[in-house]
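Raw contents of structure-v1.tsv, TSV, C-alpha atoms:
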```
chain	number	residue	atom	x	y	z
Z	14	MET	CA	81.19	92.87	102.77
Z	15	THR	CA	84.52	94.58	103.43
Z	16	VAL	CA	84.62	97.24	106.13
Z	17	PHE	CA	87.00	99.96	105.04
Z	18	ARG	CA	88.92	102.35	107.25
Z	19	LYS	CA	87.32	105.81	107.39
Z	20	GLY	CA	88.11	107.71	104.18
Z	21	LEU	CA	88.74	104.55	102.17
Z	22	PRO	CA	88.52	103.54	99.42
Z	23	HIS	CA	90.16	106.70	98.15
Z	24	PHE	CA	90.97	107.33	94.49
Z	25	ALA	CA	93.52	109.79	93.15
Z	26	VAL	CA	94.74	110.69	89.69
Z	27	GLY	CA	97.53	113.03	88.67
Z	28	THR	CA	100.62	113.67	86.63
Z	29	VAL	CA	103.80	111.99	87.90
Z	30	VAL	CA	106.30	114.63	89.02
Z	31	LYS	CA	109.94	114.42	90.12
Z	32	GLY	CA	110.28	113.81	93.82
Z	33	PHE	CA	113.39	113.98	95.97
Z	34	GLY	CA	115.19	111.33	93.91
Z	35	ARG	CA	115.78	109.07	96.91
Z	36	GLY	CA	113.48	106.15	96.09
Z	37	SER	CA	115.63	104.55	93.42
Z	38	LYS	CA	119.03	105.93	94.37
Z	39	GLU	CA	119.19	105.58	98.17
Z	40	LEU	CA	116.50	103.04	98.87
Z	41	GLY	CA	116.44	100.88	95.75
Z	42	ILE	CA	112.64	101.29	95.85
Z	43	PRO	CA	111.46	103.67	93.10
Z	44	THR	CA	108.39	105.81	93.73
Z	45	ALA	CA	106.03	107.86	91.58
Z	46	ASN	CA	105.06	111.18	93.14
Z	47	PHE	CA	101.81	113.11	92.82
Z	48	PRO	CA	101.92	116.89	92.31
Z	49	GLU	CA	101.21	119.21	95.25
Z	50	ALA	CA	97.76	120.00	93.81
Z	51	VAL	CA	96.69	116.39	94.44
Z	52	VAL	CA	98.37	116.12	97.86
Z	53	GLU	CA	96.73	119.34	99.06
Z	54	LYS	CA	93.26	117.97	98.20
Z	55	LEU	CA	93.57	114.91	100.45
Z	56	PRO	CA	90.56	114.73	102.80
Z	57	GLU	CA	91.16	114.99	106.56
Z	58	ASP	CA	90.10	111.35	106.94
Z	59	ILE	CA	93.26	110.27	105.12
Z	60	SER	CA	95.93	110.46	107.81
Z	61	THR	CA	99.65	110.18	107.22
Z	62	GLY	CA	100.98	106.65	106.97
Z	63	ILE	CA	101.39	103.72	104.63
Z	64	TYR	CA	98.52	102.51	102.42
Z	65	PHE	CA	98.05	99.76	99.85
Z	66	GLY	CA	95.91	99.40	96.76
Z	67	TRP	CA	96.05	99.36	92.98
Z	68	ALA	CA	97.70	101.68	90.47
Z	69	ASN	CA	98.14	102.15	86.77
Z	70	VAL	CA	100.23	104.44	84.62
Z	71	ASP	CA	98.59	106.03	81.58
Z	72	ASP	CA	96.37	103.30	80.13
Z	73	GLY	CA	98.67	100.46	81.12
Z	74	PRO	CA	98.04	97.39	83.26
Z	75	ILE	CA	96.84	97.68	86.84
Z	76	TYR	CA	99.44	96.69	89.43
Z	77	LYS	CA	99.62	96.37	93.20
Z	78	MET	CA	100.96	99.43	94.96
Z	79	VAL	CA	102.02	100.68	98.38
Z	80	MET	CA	101.93	104.42	99.14
Z	81	SER	CA	103.53	106.63	101.75
Z	82	ILE	CA	101.60	109.77	102.67
Z	83	GLY	CA	103.29	112.31	104.89
Z	84	TRP	CA	106.47	114.18	105.64
Z	85	ASN	CA	108.89	111.22	105.77
Z	86	PRO	CA	110.37	112.00	109.20
Z	87	TYR	CA	113.65	110.19	108.47
Z	88	TYR	CA	114.37	112.79	105.78
Z	89	LYS	CA	112.69	115.68	107.64
Z	90	ASN	CA	110.64	116.77	104.61
Z	91	SER	CA	108.99	120.17	104.90
Z	92	LYS	CA	106.25	119.30	102.37
Z	93	LYS	CA	103.68	116.54	102.61
Z	94	SER	CA	103.95	114.03	99.79
Z	95	MET	CA	102.15	111.06	98.25
Z	96	GLU	CA	104.81	108.60	97.09
Z	97	THR	CA	103.61	105.48	95.29
Z	98	HIS	CA	105.73	102.36	94.86
Z	99	ILE	CA	104.23	100.14	92.17
Z	100	LEU	CA	104.96	96.44	92.58
Z	101	HIS	CA	106.25	96.10	89.03
Z	102	THR	CA	109.58	96.79	87.36
Z	103	PHE	CA	109.31	99.45	84.67
Z	104	ASP	CA	111.90	99.80	81.88
Z	105	GLN	CA	112.15	103.56	82.32
Z	106	ASP	CA	110.95	106.54	84.36
Z	107	PHE	CA	107.47	107.81	83.59
Z	108	TYR	CA	107.56	111.47	84.67
Z	109	GLY	CA	104.70	113.36	83.03
Z	110	SER	CA	102.55	110.23	82.76
Z	111	GLN	CA	99.14	109.94	84.36
Z	112	LEU	CA	99.07	107.90	87.59
Z	113	ARG	CA	95.78	106.53	88.90
Z	114	VAL	CA	95.62	104.91	92.35
Z	115	ALA	CA	92.91	103.28	94.42
Z	116	MET	CA	93.90	103.31	98.10
Z	117	LEU	CA	92.12	100.45	99.82
Z	118	GLY	CA	93.87	99.63	103.07
Z	119	TYR	CA	96.10	101.06	105.79
Z	120	VAL	CA	99.34	99.34	106.79
Z	121	ARG	CA	100.80	101.53	109.55
Z	122	PRO	CA	101.31	105.11	110.72
Z	123	GLU	CA	104.22	107.22	109.52
Z	124	LYS	CA	107.23	107.00	111.82
Z	125	ASN	CA	110.88	107.91	112.10
Z	126	PHE	CA	113.78	105.45	111.84
Z	127	LYS	CA	117.22	105.38	113.43
Z	128	SER	CA	119.01	104.31	110.25
Z	129	LEU	CA	118.58	103.98	106.51
Z	130	ASP	CA	118.75	100.18	106.84
Z	131	GLU	CA	115.89	100.24	109.36
Z	132	LEU	CA	113.82	102.38	106.96
Z	133	ILE	CA	114.51	100.03	104.02
Z	134	THR	CA	113.57	96.99	106.15
Z	135	ALA	CA	110.26	98.67	107.11
Z	136	ILE	CA	109.48	99.58	103.49
Z	137	LYS	CA	110.15	96.01	102.36
Z	138	GLY	CA	107.80	94.80	105.11
Z	139	ASP	CA	105.14	97.28	103.90
Z	140	ILE	CA	105.54	95.97	100.34
Z	141	ALA	CA	105.16	92.36	101.52
Z	142	GLU	CA	102.05	93.29	103.54
Z	143	ALA	CA	100.51	95.09	100.54
Z	144	ASP	CA	101.30	92.16	98.25
Z	145	GLN	CA	99.62	89.73	100.66
Z	146	GLN	CA	96.54	91.88	101.39
Z	147	LEU	CA	95.87	92.52	97.71
Z	148	GLU	CA	95.45	88.80	97.09
Z	149	LYS	CA	92.15	88.93	99.01
Z	150	THR	CA	89.02	88.76	96.86
Z	151	GLU	CA	87.54	91.96	98.28
Z	152	TYR	CA	90.58	93.91	97.07
Z	153	ILE	CA	91.12	92.06	93.78
Z	154	GLU	CA	87.65	93.21	92.70
Z	155	PHE	CA	88.90	96.81	92.60
Z	156	LYS	CA	91.17	96.03	89.63
Z	157	THR	CA	88.05	96.22	87.46
Z	158	HIS	CA	86.57	99.27	89.21
Z	159	PRO	CA	85.14	101.91	86.82
Z	160	PHE	CA	87.87	104.30	88.04
Z	161	PHE	CA	90.38	102.19	86.12
Z	162	VAL	CA	88.28	100.80	83.27
Z	163	ASP	CA	85.82	103.63	82.45
Z	164	LYS	CA	88.05	106.69	82.22
Z	165	THR	CA	85.42	108.58	80.23
Z	166	SER	CA	82.98	108.56	83.14
Z	167	SER	CA	82.20	112.01	84.53
Z	168	ASP	CA	82.08	110.39	88.00
Z	169	PHE	CA	85.88	110.39	88.14
Z	170	PRO	CA	88.40	113.15	87.56
Z	171	SER	CA	90.56	112.69	84.50
Z	172	PHE	CA	93.44	114.91	85.60
Z	173	ASN	CA	95.03	115.93	88.93
Z	174	GLY	CA	92.03	115.21	91.11
Z	175	LEU	CA	90.72	113.04	93.89
Z	176	VAL	CA	87.73	110.86	94.58
Z	177	SER	CA	87.01	109.71	98.09
Z	178	ASN	CA	84.51	106.95	98.71
Z	179	CYS	CA	83.46	107.28	95.06
Z	180	VAL	CA	82.52	110.97	95.38
Z	181	SER	CA	84.62	113.26	93.19
Z	182	ASP	CA	86.22	116.33	94.73
Z	183	ASP	CA	83.79	118.55	92.78
Z	184	GLU	CA	80.80	116.56	94.04
Z	185	SER	CA	82.21	116.47	97.54
Z	186	THR	CA	82.68	120.25	97.53
Z	187	LYS	CA	79.11	120.79	96.31
Z	188	LYS	CA	77.78	118.41	98.96
Z	189	SER	CA	79.82	120.08	101.70
Z	190	LYS	CA	78.67	123.56	100.61
Z	191	LYS	CA	75.04	122.38	100.55
Z	192	GLN	CA	75.39	120.92	104.08
Z	193	GLN	CA	77.01	124.14	105.29
Z	194	GLU	CA	74.24	126.25	103.69
Z	195	THR	CA	71.63	124.04	105.38
Z	196	ARG	CA	73.33	124.45	108.79
Z	197	ILE	CA	73.56	128.23	108.33
Z	198	GLU	CA	69.94	128.45	107.18
Z	199	THR	CA	68.81	126.29	110.11
Z	200	SER	CA	70.62	128.44	112.67
Z	201	ILE	CA	69.29	131.66	111.06
Z	202	ASN	CA	65.73	130.33	111.25
Z	203	GLY	CA	66.36	129.49	114.89
Z	204	GLU	CA	65.32	125.86	114.51
Z	205	GLU	CA	68.63	124.50	115.67
Z	206	LYS	CA	71.86	126.03	116.92
Z	207	SER	CA	75.15	124.25	116.23
```

Could you render the structure from this file as structure tokens?
Amino acid sequence: MTVFRKGLPHFAVGTVVKGFGRGSKELGIPTANFPEAVVEKLPEDISTGIYFGWANVDDGPIYKMVMSIGWNPYYKNSKKSMETHILHTFDQDFYGSQLRVAMLGYVRPEKNFKSLDELITAIKGDIAEADQQLEKTEYIEFKTHPFFVDKTSSDFPSFNGLVSNCVSDDESTKKSKKQQETRIETSINGEEKS
């Protein structure tokens, strides 16, 4: 059985929005960006850095992906972003399309670079690492995960939402509220102080 990093697997779905326009133009590595609403819902367990997993656009095929989560220190971004590079060449941009990703593994922490060439070299290394890791059986199995194949399931959000460890953000919120209510009730009854 695969032992996942805390917070993984993590599933996200959202509408592709325009990013900073640097992926294709400056880096030669196009990315699909999630809207702020999805980024803001990331659980605390998902730290900034580079992740790998699977992605699909609308109801298309499922491809390998590598994702950067963070502020991209080289560019000194003021907003946290989730930028997904899909290991496939698309004929055109797909802004407004639905992007679904399953984040399965962690490559490295976010870091700054001295030059654009150094950044591009690191990204290409991340892509190669993702490509290699996703050949492992334990990760290949996720291509047929219900998140991708059963989009009618109420277990997964259908629009601009997150699922962490197969618990939707609505379920997670309910569970968290219930745990908090239990802790409050326990401390009121004097059984246990936290």

Between segment 53-87 of chain Z and segment 98-110 of chain Z, at 10 Å or less, what are the per-residue closest atom pairs and their distances in Å? Count only C-alpha atoms, order by chain and rising residue number, and return it as a Markdown table.
```
| residue | atom | partner | partner_atom | distance |
| --- | --- | --- | --- | --- |
| Z:Phe65 | CA | Z:His98 | CA | 9.5 |
| Z:Gly66 | CA | Z:Ile99 | CA | 9.5 |
| Z:Trp67 | CA | Z:Ile99 | CA | 8.3 |
| Z:Ala68 | CA | Z:Ile99 | CA | 6.9 |
| Z:Asn69 | CA | Z:Ile99 | CA | 8.4 |
| Z:Val70 | CA | Z:Ser110 | CA | 6.5 |
| Z:Asp71 | CA | Z:Ser110 | CA | 5.9 |
| Z:Asp72 | CA | Z:Ser110 | CA | 9.7 |
| Z:Ile75 | CA | Z:Ile99 | CA | 9.4 |
| Z:Tyr76 | CA | Z:Leu100 | CA | 6.4 |
| Z:Lys77 | CA | Z:Leu100 | CA | 5.4 |
| Z:Met78 | CA | Z:Ile99 | CA | 4.4 |
| Z:Val79 | CA | Z:His98 | CA | 5.4 |
| Z:Met80 | CA | Z:His98 | CA | 6.1 |
| Z:Ser81 | CA | Z:His98 | CA | 8.4 |
```

Hey, what's within 10 Å of Gln146 of chain Z if we count only C-alpha atoms and toss same-chain stuff fewer than 2 positions away? As a PDB file with C-alpha atoms, in the frame of the given file, please?
```pdb
ATOM      1  CA  PHE Z  65      98.050  99.760  99.850  1.00  0.00           C
ATOM      2  CA  GLY Z  66      95.910  99.400  96.760  1.00  0.00           C
ATOM      3  CA  LYS Z  77      99.620  96.370  93.200  1.00  0.00           C
ATOM      4  CA  LEU Z 117      92.120 100.450  99.820  1.00  0.00           C
ATOM      5  CA  GLY Z 118      93.870  99.630 103.070  1.00  0.00           C
ATOM      6  CA  VAL Z 120      99.340  99.340 106.790  1.00  0.00           C
ATOM      7  CA  ILE Z 140     105.540  95.970 100.340  1.00  0.00           C
ATOM      8  CA  ALA Z 141     105.160  92.360 101.520  1.00  0.00           C
ATOM      9  CA  GLU Z 142     102.050  93.290 103.540  1.00  0.00           C
ATOM     10  CA  ALA Z 143     100.510  95.090 100.540  1.00  0.00           C
ATOM     11  CA  ASP Z 144     101.300  92.160  98.250  1.00  0.00           C
ATOM     12  CA  GLU Z 148      95.450  88.800  97.090  1.00  0.00           C
ATOM     13  CA  LYS Z 149      92.150  88.930  99.010  1.00  0.00           C
ATOM     14  CA  THR Z 150      89.020  88.760  96.860  1.00  0.00           C
ATOM     15  CA  GLU Z 151      87.540  91.960  98.280  1.00  0.00           C
ATOM     16  CA  TYR Z 152      90.580  93.910  97.070  1.00  0.00           C
ATOM     17  CA  ILE Z 153      91.120  92.060  93.780  1.00  0.00           C
TER      18      ILE Z 153
END
```

Shell of 9 Å around Ser60 of chain Z, all atoms listed in the file, local chain residues under 6 positions omitted, as a CSV table (one decimal) with C-alpha atoms, keeping the file's coordinate frame:
```csv
chain,number,residue,atom,x,y,z
Z,82,ILE,CA,101.6,109.8,102.7
Z,83,GLY,CA,103.3,112.3,104.9
Z,122,PRO,CA,101.3,105.1,110.7
```

So how far away is atom CA of Tyr64 of chain Z from atom CA of Gly32 of chain Z, in Å?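 Answer for the atom CA of Gly32 of chain Z to atom CA of Tyr64 of chain Z separation: 18.4 Å.
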
As an exercise, work out the distance from atom CA of Pro22 of chain Z to atom CA of Glu154 of chain Z in Å and give it to one decimal place. 12.4 Å

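If you look at atom CA of Val114 of chain Z and atom CA of Asn85 of chain Z, they are 19.9 Å away from each other.
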
Considering all atoms listed in the file, can you say which of Z:Glu49, Z:Gly138, Z:Met116, Z:Leu132 comes closest to Lys19 of chain Z? Z:Met116

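In this comparison, which uses all atoms listed in the file, the residue of Z:Leu40, Z:Leu147, Z:Ala45, Z:Met95 approaching Leu112 of chain Z most closely is Z:Ala45.
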
Shortest interatomic distance to Leu21 of chain Z - which of Z:Glu53, Z:Glu39, Z:Asp58, Z:Glu96, counting all atoms listed in the file: Z:Asp58

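Distance annotation: of Z:Leu55, Z:Val30, Z:Ile133, Z:Val16, the residue with the minimal separation from Gln111 of chain Z is Z:Val30; atom set is all atoms listed in the file.
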